[in-house]
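Student: Can you read through this structure? Questions will come right after.
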Amino acid sequence: MKIGMKLLKMSRRQNNERVIEDYLDRVESEVIQRFTECATIKDVVKHLVYKGMVDPKRIRYYMIIRDFDEMINNGARKVSTYLDLAVRYDLSEVQVQNIIYRHRDKELPINNIDFL
């Protein structure tokens with residue numbers, strides 16, 4: 001019985017619907033207070049980074065993954081893509097590979113939120 005409960009707890013995602021809704025309400029009020037109701041998406045993202053709610057590394061990881069996918073879809077080879085991204089983001093090729101393979105799944109909502 002204890003093992004089953006342990007597995008159940010391990011399979012739960014980080015966030016549930018209530019936490020997400022509370023977070024969205026708080027962010028909305030902070031952004032309106034800081035930028036007024038005419039805030040742009042850029043203003044919102046800047047606010048999230050400024051407040052520490054979004055890790056700047058995650059933004060870089062997202063950009064690396066998106067750039068990688070776009071380059072591969074346009075016919076580039078993986079080896080040259082890793083090299084190009086390493087130069088663009090001032091990282092080693094191994095770091096770029098690790099970011100792509102370790103963080104790709106983390107951006108999928110199904111891996112982060114209970115209600116999706």
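All residue names refer to the structure tokens as shown: chains lettered A, B, ... in order, residues numbered from 1 in each chain, ligands numbered from 1 in order.
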Using only C-alpha atoms, which protein or nucleic acid residues come within 8 Å of Tyr89 in chain A? Drop anything in the same chain fewer than 3 positions from it, and give the result as a VMD selection string.
Tutor: chain A and resid 64 85 to 86
Student: Can you pull out the residues contacting range 25-29 of chain A? Cut-off 12 Å, using only C-alpha atoms, and skip same-chain residues under 5 positions away; I want them as number ranges by chain.
Tutor: A: 18-20, 34-41, 43-49, 51-54
Student: For range 77-79 of chain A, find every residue with an atom within 10 Å (counting only C-alpha atoms), except residues of its own chain fewer than 5 positions away, and show them as an MDAnalysis selection string.
Tutor: chainID A and resid 68:69 71:72 84 93 97
Student: Go ahead and dump the residues you just picked, N, CA, C and O atoms, as a PDB file, in the first residue's frame.
Tutor:
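Listed below is the output, selection_36.pdb:
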```pdb
ATOM      1  N   PHE A  68      16.999  25.317 -33.102  1.00  0.00           N
ATOM      2  CA  PHE A  68      17.424  23.987 -33.549  1.00  0.00           C
ATOM      3  C   PHE A  68      16.350  23.361 -34.434  1.00  0.00           C
ATOM      4  O   PHE A  68      16.636  22.901 -35.542  1.00  0.00           O
ATOM      5  N   ASP A  69      15.112  23.364 -33.948  1.00  0.00           N
ATOM      6  CA  ASP A  69      14.011  22.770 -34.717  1.00  0.00           C
ATOM      7  C   ASP A  69      13.839  23.461 -36.068  1.00  0.00           C
ATOM      8  O   ASP A  69      13.641  22.811 -37.094  1.00  0.00           O
ATOM      9  N   MET A  71      16.095  25.138 -37.812  1.00  0.00           N
ATOM     10  CA  MET A  71      17.228  24.851 -38.690  1.00  0.00           C
ATOM     11  C   MET A  71      17.136  23.434 -39.262  1.00  0.00           C
ATOM     12  O   MET A  71      17.393  23.223 -40.450  1.00  0.00           O
ATOM     13  N   ILE A  72      16.732  22.477 -38.432  1.00  0.00           N
ATOM     14  CA  ILE A  72      16.597  21.094 -38.895  1.00  0.00           C
ATOM     15  C   ILE A  72      15.466  21.002 -39.922  1.00  0.00           C
ATOM     16  O   ILE A  72      15.589  20.327 -40.949  1.00  0.00           O
ATOM     17  N   ASP A  84      26.588  25.835 -35.123  1.00  0.00           N
ATOM     18  CA  ASP A  84      26.026  27.171 -35.357  1.00  0.00           C
ATOM     19  C   ASP A  84      25.386  27.735 -34.088  1.00  0.00           C
ATOM     20  O   ASP A  84      25.565  28.913 -33.753  1.00  0.00           O
ATOM     21  N   GLU A  93      29.403  22.967 -28.063  1.00  0.00           N
ATOM     22  CA  GLU A  93      28.476  22.088 -28.782  1.00  0.00           C
ATOM     23  C   GLU A  93      27.812  21.096 -27.836  1.00  0.00           C
ATOM     24  O   GLU A  93      26.623  20.800 -27.973  1.00  0.00           O
ATOM     25  N   GLN A  97      23.808  20.479 -27.153  1.00  0.00           N
ATOM     26  CA  GLN A  97      23.178  19.152 -27.220  1.00  0.00           C
ATOM     27  C   GLN A  97      22.454  18.825 -25.924  1.00  0.00           C
ATOM     28  O   GLN A  97      21.317  18.345 -25.942  1.00  0.00           O
TER      29      GLN A  97
END
```
Student: Considering only helix (DSSP H, G or I) as DSSP defines it on the backbone, what residues of range 14-110 of chain A qualify? List them as a count of residues only.
Tutor: 75
